[in-house]
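As stored in run-v2.cif (mmCIF, C-alpha atoms):
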data_input
#
loop_
_atom_site.group_PDB
_atom_site.id
_atom_site.type_symbol
_atom_site.label_atom_id
_atom_site.label_comp_id
_atom_site.auth_asym_id
_atom_site.auth_seq_id
_atom_site.Cartn_x
_atom_site.Cartn_y
_atom_site.Cartn_z
ATOM 1 C CA MET F 1 -62.974 -34.052 -24.527
ATOM 2 C CA THR F 2 -66.262 -32.219 -24.196
ATOM 3 C CA GLU F 3 -69.507 -34.062 -23.660
ATOM 4 C CA THR F 4 -70.627 -33.239 -27.215
ATOM 5 C CA ALA F 5 -67.343 -33.805 -29.049
ATOM 6 C CA ALA F 6 -67.442 -36.610 -31.568
ATOM 7 C CA ALA F 7 -64.757 -39.225 -31.170
ATOM 8 C CA ALA F 8 -62.482 -39.622 -34.200
ATOM 9 C CA ARG F 9 -62.573 -43.172 -35.498
ATOM 10 C CA LEU F 10 -59.394 -45.052 -36.362
ATOM 11 C CA THR F 11 -59.221 -47.262 -39.434
ATOM 12 C CA THR F 12 -56.975 -49.940 -40.909
ATOM 13 C CA GLY F 13 -53.500 -48.592 -41.621
ATOM 14 C CA ASP F 14 -53.624 -45.755 -39.065
ATOM 15 C CA THR F 15 -50.805 -45.584 -36.544
ATOM 16 C CA ALA F 16 -52.138 -46.636 -33.147
ATOM 17 C CA PRO F 17 -51.973 -43.774 -30.631
ATOM 18 C CA GLY F 18 -49.222 -44.459 -28.117
ATOM 19 C CA PHE F 19 -49.946 -44.528 -24.407
ATOM 20 C CA THR F 20 -48.559 -45.236 -20.975
ATOM 21 C CA LEU F 21 -51.152 -46.164 -18.353
ATOM 22 C CA SER F 22 -51.148 -47.718 -14.885
ATOM 23 C CA ASP F 23 -52.087 -51.352 -14.577
ATOM 24 C CA ALA F 24 -54.075 -52.855 -11.708
ATOM 25 C CA ASP F 25 -50.948 -52.891 -9.518
ATOM 26 C CA GLY F 26 -49.982 -49.290 -10.305
ATOM 27 C CA ASN F 27 -47.149 -50.259 -12.683
ATOM 28 C CA GLU F 28 -46.799 -48.219 -15.851
ATOM 29 C CA VAL F 29 -47.473 -50.104 -19.076
ATOM 30 C CA SER F 30 -46.552 -48.526 -22.424
ATOM 31 C CA LEU F 31 -47.851 -49.616 -25.787
ATOM 32 C CA SER F 32 -44.334 -49.068 -27.156
ATOM 33 C CA SER F 33 -43.074 -52.000 -25.054
ATOM 34 C CA TYR F 34 -45.180 -54.301 -27.275
ATOM 35 C CA ARG F 35 -43.477 -53.187 -30.492
ATOM 36 C CA GLY F 36 -42.542 -56.237 -32.528
ATOM 37 C CA ARG F 37 -45.632 -58.169 -31.390
ATOM 38 C CA ARG F 38 -49.256 -57.998 -32.444
ATOM 39 C CA VAL F 39 -51.569 -56.671 -29.748
ATOM 40 C CA VAL F 40 -55.302 -56.668 -29.132
ATOM 41 C CA VAL F 41 -56.225 -53.470 -27.294
ATOM 42 C CA TYR F 42 -59.820 -53.544 -26.132
ATOM 43 C CA PHE F 43 -61.823 -50.850 -24.368
ATOM 44 C CA TYR F 44 -64.656 -51.708 -21.993
ATOM 45 C CA PRO F 45 -66.989 -49.506 -19.911
ATOM 46 C CA ALA F 46 -66.667 -50.852 -16.358
ATOM 47 C CA ALA F 47 -64.956 -53.681 -14.510
ATOM 48 C CA SER F 48 -67.159 -56.275 -12.823
ATOM 49 C CA THR F 49 -70.301 -55.497 -14.826
ATOM 50 C CA PRO F 50 -71.950 -58.485 -16.550
ATOM 51 C CA GLY F 51 -70.981 -57.669 -20.163
ATOM 52 C CA CYS F 52 -67.453 -56.570 -19.311
ATOM 53 C CA THR F 53 -66.933 -59.650 -17.160
ATOM 54 C CA LYS F 54 -68.111 -61.938 -19.986
ATOM 55 C CA GLN F 55 -65.803 -60.214 -22.478
ATOM 56 C CA ALA F 56 -62.772 -60.270 -20.141
ATOM 57 C CA CYS F 57 -63.321 -63.948 -19.297
ATOM 58 C CA ASP F 58 -63.590 -64.781 -23.005
ATOM 59 C CA PHE F 59 -60.215 -63.082 -23.574
ATOM 60 C CA ARG F 60 -58.798 -64.934 -20.540
ATOM 61 C CA ASP F 61 -60.059 -68.280 -21.834
ATOM 62 C CA SER F 62 -58.610 -67.598 -25.310
ATOM 63 C CA LEU F 63 -55.347 -66.043 -24.152
ATOM 64 C CA ALA F 64 -53.141 -69.103 -24.723
ATOM 65 C CA LEU F 65 -54.438 -69.431 -28.296
ATOM 66 C CA LEU F 66 -53.848 -65.722 -28.961
ATOM 67 C CA ASN F 67 -50.419 -65.743 -27.293
ATOM 68 C CA ASP F 68 -49.401 -68.835 -29.310
ATOM 69 C CA ALA F 69 -50.272 -66.831 -32.437
ATOM 70 C CA GLY F 70 -47.986 -64.007 -31.218
ATOM 71 C CA ILE F 71 -50.815 -61.760 -30.027
ATOM 72 C CA ASP F 72 -50.898 -60.060 -26.610
ATOM 73 C CA VAL F 73 -54.043 -58.613 -25.008
ATOM 74 C CA LEU F 74 -54.519 -55.340 -23.125
ATOM 75 C CA GLY F 75 -57.842 -54.280 -21.589
ATOM 76 C CA ILE F 76 -58.476 -50.578 -20.911
ATOM 77 C CA SER F 77 -61.280 -48.930 -18.930
ATOM 78 C CA PRO F 78 -61.768 -45.704 -16.976
ATOM 79 C CA ASP F 79 -61.720 -47.703 -13.723
ATOM 80 C CA LYS F 80 -59.171 -46.864 -11.034
ATOM 81 C CA PRO F 81 -56.447 -49.480 -10.343
ATOM 82 C CA ALA F 82 -58.070 -50.570 -7.042
ATOM 83 C CA LYS F 83 -61.217 -51.636 -8.919
ATOM 84 C CA LEU F 84 -59.110 -53.368 -11.568
ATOM 85 C CA VAL F 85 -57.309 -55.424 -8.881
ATOM 86 C CA LYS F 86 -60.639 -56.765 -7.592
ATOM 87 C CA PHE F 87 -61.841 -57.505 -11.134
ATOM 88 C CA ARG F 88 -58.585 -59.249 -12.071
ATOM 89 C CA ASP F 89 -58.457 -61.292 -8.882
ATOM 90 C CA ASN F 90 -62.167 -62.227 -8.820
ATOM 91 C CA GLU F 91 -62.137 -63.364 -12.460
ATOM 92 C CA LYS F 92 -58.544 -64.741 -12.479
ATOM 93 C CA LEU F 93 -57.619 -62.523 -15.426
ATOM 94 C CA THR F 94 -54.076 -63.101 -16.667
ATOM 95 C CA PHE F 95 -53.533 -60.161 -19.027
ATOM 96 C CA PRO F 96 -52.938 -56.504 -18.135
ATOM 97 C CA LEU F 97 -55.914 -54.325 -17.239
ATOM 98 C CA LEU F 98 -55.063 -50.657 -17.638
ATOM 99 C CA SER F 99 -56.621 -47.614 -15.997
ATOM 100 C CA ASP F 100 -57.569 -44.531 -18.051
ATOM 101 C CA PRO F 101 -59.602 -42.425 -15.585
ATOM 102 C CA GLU F 102 -59.086 -39.228 -17.610
ATOM 103 C CA ARG F 103 -60.357 -41.107 -20.695
ATOM 104 C CA ALA F 104 -57.540 -39.618 -22.817
ATOM 105 C CA VAL F 105 -56.536 -42.926 -24.415
ATOM 106 C CA LEU F 106 -60.179 -43.913 -24.846
ATOM 107 C CA ALA F 107 -60.736 -40.630 -26.712
ATOM 108 C CA ALA F 108 -57.562 -41.015 -28.808
ATOM 109 C CA TYR F 109 -58.889 -44.358 -30.074
ATOM 110 C CA GLY F 110 -62.418 -43.037 -30.657
ATOM 111 C CA ALA F 111 -63.679 -45.337 -27.901
ATOM 112 C CA TYR F 112 -65.289 -42.571 -25.845
ATOM 113 C CA GLY F 113 -68.132 -40.387 -27.004
ATOM 114 C CA GLU F 114 -71.789 -40.338 -27.865
ATOM 115 C CA LYS F 115 -73.513 -43.692 -28.092
ATOM 116 C CA THR F 116 -77.016 -45.083 -27.919
ATOM 117 C CA LEU F 117 -77.817 -47.100 -24.823
ATOM 118 C CA TYR F 118 -81.250 -48.686 -24.457
ATOM 119 C CA GLY F 119 -82.644 -46.354 -27.088
ATOM 120 C CA ARG F 120 -81.344 -43.069 -25.707
ATOM 121 C CA LYS F 121 -78.236 -41.065 -26.493
ATOM 122 C CA THR F 122 -75.567 -40.907 -23.816
ATOM 123 C CA VAL F 123 -71.848 -40.176 -23.572
ATOM 124 C CA GLY F 124 -69.535 -42.917 -22.396
ATOM 125 C CA VAL F 125 -67.154 -45.721 -23.295
ATOM 126 C CA ILE F 126 -67.832 -47.262 -26.686
ATOM 127 C CA ARG F 127 -66.980 -50.974 -26.418
ATOM 128 C CA SER F 128 -64.217 -51.240 -29.037
ATOM 129 C CA THR F 129 -61.391 -53.572 -30.015
ATOM 130 C CA PHE F 130 -58.266 -52.945 -32.064
ATOM 131 C CA LEU F 131 -55.783 -55.400 -33.494
ATOM 132 C CA LEU F 132 -52.383 -53.757 -33.890
ATOM 133 C CA ASP F 133 -49.637 -55.168 -36.058
ATOM 134 C CA ALA F 134 -46.023 -55.563 -34.920
ATOM 135 C CA ASP F 135 -45.219 -52.038 -36.194
ATOM 136 C CA GLY F 136 -48.004 -50.388 -34.200
ATOM 137 C CA LYS F 137 -50.418 -49.936 -37.104
ATOM 138 C CA ILE F 138 -54.132 -50.705 -36.897
ATOM 139 C CA GLU F 139 -54.944 -54.039 -38.586
ATOM 140 C CA LYS F 140 -58.581 -54.010 -37.476
ATOM 141 C CA ALA F 141 -60.690 -51.362 -35.750
ATOM 142 C CA LEU F 142 -63.966 -52.663 -34.364
ATOM 143 C CA TYR F 143 -66.437 -50.254 -32.741
ATOM 144 C CA ASN F 144 -69.683 -50.924 -30.873
ATOM 145 C CA VAL F 145 -68.817 -54.601 -30.449
ATOM 146 C CA LYS F 146 -70.986 -56.993 -28.473
ATOM 147 C CA ALA F 147 -69.527 -58.395 -25.266
ATOM 148 C CA THR F 148 -70.806 -61.900 -25.963
ATOM 149 C CA GLY F 149 -69.262 -63.772 -28.880
ATOM 150 C CA HIS F 150 -66.838 -60.985 -29.720
ATOM 151 C CA VAL F 151 -63.633 -62.853 -28.848
ATOM 152 C CA ALA F 152 -64.767 -65.938 -30.781
ATOM 153 C CA LYS F 153 -65.373 -63.728 -33.826
ATOM 154 C CA ILE F 154 -61.874 -62.235 -33.570
ATOM 155 C CA ILE F 155 -60.390 -65.732 -33.393
ATOM 156 C CA ARG F 156 -62.405 -66.841 -36.452
ATOM 157 C CA ASP F 157 -61.418 -63.669 -38.358
ATOM 158 C CA LEU F 158 -57.758 -64.344 -37.582
ATOM 159 C CA GLY F 159 -58.068 -67.923 -38.837
ATOM 160 C CA LEU F 160 -57.097 -69.369 -35.464
ATOM 161 C CA SER F 161 -58.739 -72.512 -34.147
ATOM 162 C CA ALA F 162 -59.249 -73.498 -30.547
#
Can you present the structure in this file as structure tokens?
Amino acid sequence: MTETAAAARLTTGDTAPGFTLSDADGNEVSLSSYRGRRVVVYFYPAASTPGCTKQACDFRDSLALLNDAGIDVLGISPDKPAKLVKFRDNEKLTFPLLSDPERAVLAAYGAYGEKTLYGRKTVGVIRSTFLLDADGKIEKALYNVKATGHVAKIIRDLGLSA
């Protein structure tokens, strides 16, 4: 993807782009292995930064509630697996963190491209979250989400209670 290319946005009803990425331990994880279950796929800019840590810990703290509702969670960033291991271990994260250093999956989901950061235009990861149904279709596509309060909003929108 070129620096100026606009990322295509996914919407409700679209088929989620398939992927196979390495997790923090170097194991390959494929979206297709989650077929039959609902999945939250969220994209974040960088492991161990304040906003990304808050968001990941919110998912960690809500994971049992989501799992009980039949929803798995996958976090994806351009970080290399070695950085993901430190992030996972430091924050005691219990869901897969996947590495997309080429940003191909980020781009396929429209989660990489031009964005405004502190009032200026830049190109990078657009903090985004997708809820996929059991057939691999997009139930919700949320772009430019806030790190704080985002997971609680998803839980409210799904009608789940803590």
Distance of CA of Tyr44 in chain F from CA of Ser22 in chain F, expressed in Å to one decimal place
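We find that CA of Ser22 in chain F and CA of Tyr44 in chain F lie 15.8 Å from each other.
Reported to one decimal place, the separation of CA of Ser32 in chain F from CA of Gly159 in chain F is 26.1 Å.
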Nearby residues (all atoms listed in the file) at most 12 Å from Cys52 in chain F, same-chain spacing under 4 positions excluded, as a ChimeraX atom specification:
/F:42-48,56-59,75-77,79,84,87-88,91,97,125-128,145-148,150
Taking C-alpha atoms for each residue, export the selection above as a compact mmCIF listing (two decimals), keeping the file's coordinate frame.
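Below you can see out.txt, which holds the result:
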# COMPACT_ATOMS: atom_id res chain seq x y z
CA TYR F 42 -59.82 -53.54 -26.13
CA PHE F 43 -61.82 -50.85 -24.37
CA TYR F 44 -64.66 -51.71 -21.99
CA PRO F 45 -66.99 -49.51 -19.91
CA ALA F 46 -66.67 -50.85 -16.36
CA ALA F 47 -64.96 -53.68 -14.51
CA SER F 48 -67.16 -56.28 -12.82
CA ALA F 56 -62.77 -60.27 -20.14
CA CYS F 57 -63.32 -63.95 -19.30
CA ASP F 58 -63.59 -64.78 -23.00
CA PHE F 59 -60.22 -63.08 -23.57
CA GLY F 75 -57.84 -54.28 -21.59
CA ILE F 76 -58.48 -50.58 -20.91
CA SER F 77 -61.28 -48.93 -18.93
CA ASP F 79 -61.72 -47.70 -13.72
CA LEU F 84 -59.11 -53.37 -11.57
CA PHE F 87 -61.84 -57.50 -11.13
CA ARG F 88 -58.58 -59.25 -12.07
CA GLU F 91 -62.14 -63.36 -12.46
CA LEU F 97 -55.91 -54.32 -17.24
CA VAL F 125 -67.15 -45.72 -23.30
CA ILE F 126 -67.83 -47.26 -26.69
CA ARG F 127 -66.98 -50.97 -26.42
CA SER F 128 -64.22 -51.24 -29.04
CA VAL F 145 -68.82 -54.60 -30.45
CA LYS F 146 -70.99 -56.99 -28.47
CA ALA F 147 -69.53 -58.40 -25.27
CA THR F 148 -70.81 -61.90 -25.96
CA HIS F 150 -66.84 -60.98 -29.72
Let me know the residues the PyMOL selection byres ((chain F and resi 16) around 8) catches in the file above, as a compact mmCIF listing (two decimals) with C-alpha atoms, in the frame of the given file.
# COMPACT_ATOMS: atom_id res chain seq x y z
CA ASP F 14 -53.62 -45.76 -39.06
CA THR F 15 -50.80 -45.58 -36.54
CA PRO F 17 -51.97 -43.77 -30.63
CA GLY F 18 -49.22 -44.46 -28.12
CA TYR F 109 -58.89 -44.36 -30.07
CA LEU F 132 -52.38 -53.76 -33.89
CA GLY F 136 -48.00 -50.39 -34.20
CA LYS F 137 -50.42 -49.94 -37.10
CA ILE F 138 -54.13 -50.70 -36.90
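One finds CA of Thr129 in chain F at 17.2 Å from CA of Leu21 in chain F.
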Export range 22-35 of chain F, all heavy atoms, as a short mmCIF file (atom, residue, chain, number, x, y, z; two decimals), in the first residue's frame; it's the structure right above.
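Result file result-v1.cif:
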data_model
loop_
_atom_site.label_atom_id
_atom_site.label_comp_id
_atom_site.auth_asym_id
_atom_site.auth_seq_id
_atom_site.Cartn_x
_atom_site.Cartn_y
_atom_site.Cartn_z
N SER F 22 1.60 -14.69 12.32
CA SER F 22 2.33 -15.27 13.45
C SER F 22 1.88 -14.63 14.74
O SER F 22 1.68 -13.41 14.80
CB SER F 22 3.84 -15.03 13.29
OG SER F 22 4.33 -15.76 12.20
N ASP F 23 1.74 -15.47 15.77
CA ASP F 23 1.44 -14.92 17.09
C ASP F 23 2.74 -14.59 17.81
O ASP F 23 3.84 -14.68 17.22
CB ASP F 23 0.55 -15.88 17.90
CG ASP F 23 1.24 -17.16 18.33
OD1 ASP F 23 2.47 -17.31 18.17
OD2 ASP F 23 0.53 -18.05 18.86
N ALA F 24 2.64 -14.19 19.06
CA ALA F 24 3.82 -13.77 19.82
C ALA F 24 4.88 -14.86 19.90
O ALA F 24 6.07 -14.58 19.97
CB ALA F 24 3.40 -13.34 21.22
N ASP F 25 4.45 -16.13 19.85
CA ASP F 25 5.39 -17.25 19.96
C ASP F 25 5.85 -17.78 18.60
O ASP F 25 6.54 -18.79 18.53
CB ASP F 25 4.75 -18.38 20.77
CG ASP F 25 4.46 -17.94 22.20
OD1 ASP F 25 5.34 -17.32 22.82
OD2 ASP F 25 3.34 -18.21 22.67
N GLY F 26 5.43 -17.11 17.52
CA GLY F 26 5.83 -17.53 16.18
C GLY F 26 4.93 -18.60 15.58
O GLY F 26 5.20 -19.08 14.49
N ASN F 27 3.84 -18.97 16.27
CA ASN F 27 2.89 -19.94 15.73
C ASN F 27 1.95 -19.24 14.75
O ASN F 27 1.56 -18.10 14.97
CB ASN F 27 2.07 -20.57 16.86
CG ASN F 27 2.93 -21.27 17.87
OD1 ASN F 27 3.79 -22.06 17.52
ND2 ASN F 27 2.71 -20.97 19.13
N GLU F 28 1.59 -19.94 13.69
CA GLU F 28 0.66 -19.37 12.73
C GLU F 28 -0.77 -19.49 13.24
O GLU F 28 -1.18 -20.53 13.73
CB GLU F 28 0.79 -20.07 11.37
CG GLU F 28 2.06 -19.70 10.65
CD GLU F 28 2.05 -20.13 9.20
OE1 GLU F 28 1.22 -20.98 8.81
OE2 GLU F 28 2.88 -19.61 8.45
N VAL F 29 -1.50 -18.39 13.13
CA VAL F 29 -2.90 -18.33 13.54
C VAL F 29 -3.70 -17.87 12.32
O VAL F 29 -3.39 -16.84 11.73
CB VAL F 29 -3.11 -17.36 14.72
CG1 VAL F 29 -4.59 -17.22 15.05
CG2 VAL F 29 -2.32 -17.82 15.93
N SER F 30 -4.70 -18.66 11.95
CA SER F 30 -5.55 -18.34 10.79
C SER F 30 -6.94 -17.96 11.25
O SER F 30 -7.50 -18.60 12.15
CB SER F 30 -5.66 -19.54 9.85
OG SER F 30 -4.40 -19.85 9.30
N LEU F 31 -7.49 -16.95 10.63
CA LEU F 31 -8.87 -16.56 10.94
C LEU F 31 -9.82 -17.72 10.67
O LEU F 31 -10.77 -17.93 11.43
CB LEU F 31 -9.27 -15.33 10.12
CG LEU F 31 -10.69 -14.81 10.37
CD1 LEU F 31 -10.87 -14.40 11.82
CD2 LEU F 31 -11.00 -13.67 9.43
N SER F 32 -9.53 -18.52 9.64
CA SER F 32 -10.42 -19.63 9.29
C SER F 32 -10.57 -20.64 10.42
O SER F 32 -11.59 -21.32 10.50
CB SER F 32 -9.92 -20.32 8.02
OG SER F 32 -8.63 -20.86 8.23
N SER F 33 -9.60 -20.72 11.32
CA SER F 33 -9.71 -21.67 12.43
C SER F 33 -10.75 -21.23 13.47
O SER F 33 -11.10 -22.00 14.35
CB SER F 33 -8.35 -21.89 13.10
OG SER F 33 -7.91 -20.71 13.73
N TYR F 34 -11.26 -20.00 13.33
CA TYR F 34 -12.30 -19.50 14.24
C TYR F 34 -13.69 -19.61 13.64
O TYR F 34 -14.66 -19.17 14.25
CB TYR F 34 -12.01 -18.04 14.63
CG TYR F 34 -10.82 -17.92 15.55
CD1 TYR F 34 -9.54 -17.83 15.05
CD2 TYR F 34 -10.99 -17.94 16.93
CE1 TYR F 34 -8.44 -17.75 15.89
CE2 TYR F 34 -9.91 -17.87 17.78
CZ TYR F 34 -8.63 -17.77 17.25
OH TYR F 34 -7.55 -17.70 18.09
N ARG F 35 -13.79 -20.20 12.45
CA ARG F 35 -15.10 -20.36 11.81
C ARG F 35 -16.02 -21.12 12.75
O ARG F 35 -15.60 -22.07 13.40
CB ARG F 35 -14.91 -21.11 10.48
CG ARG F 35 -16.10 -21.12 9.55
CD ARG F 35 -16.67 -19.77 9.14
NE ARG F 35 -15.76 -18.82 8.56
CZ ARG F 35 -15.59 -18.60 7.27
NH1 ARG F 35 -16.23 -19.30 6.38
NH2 ARG F 35 -14.77 -17.68 6.85
#
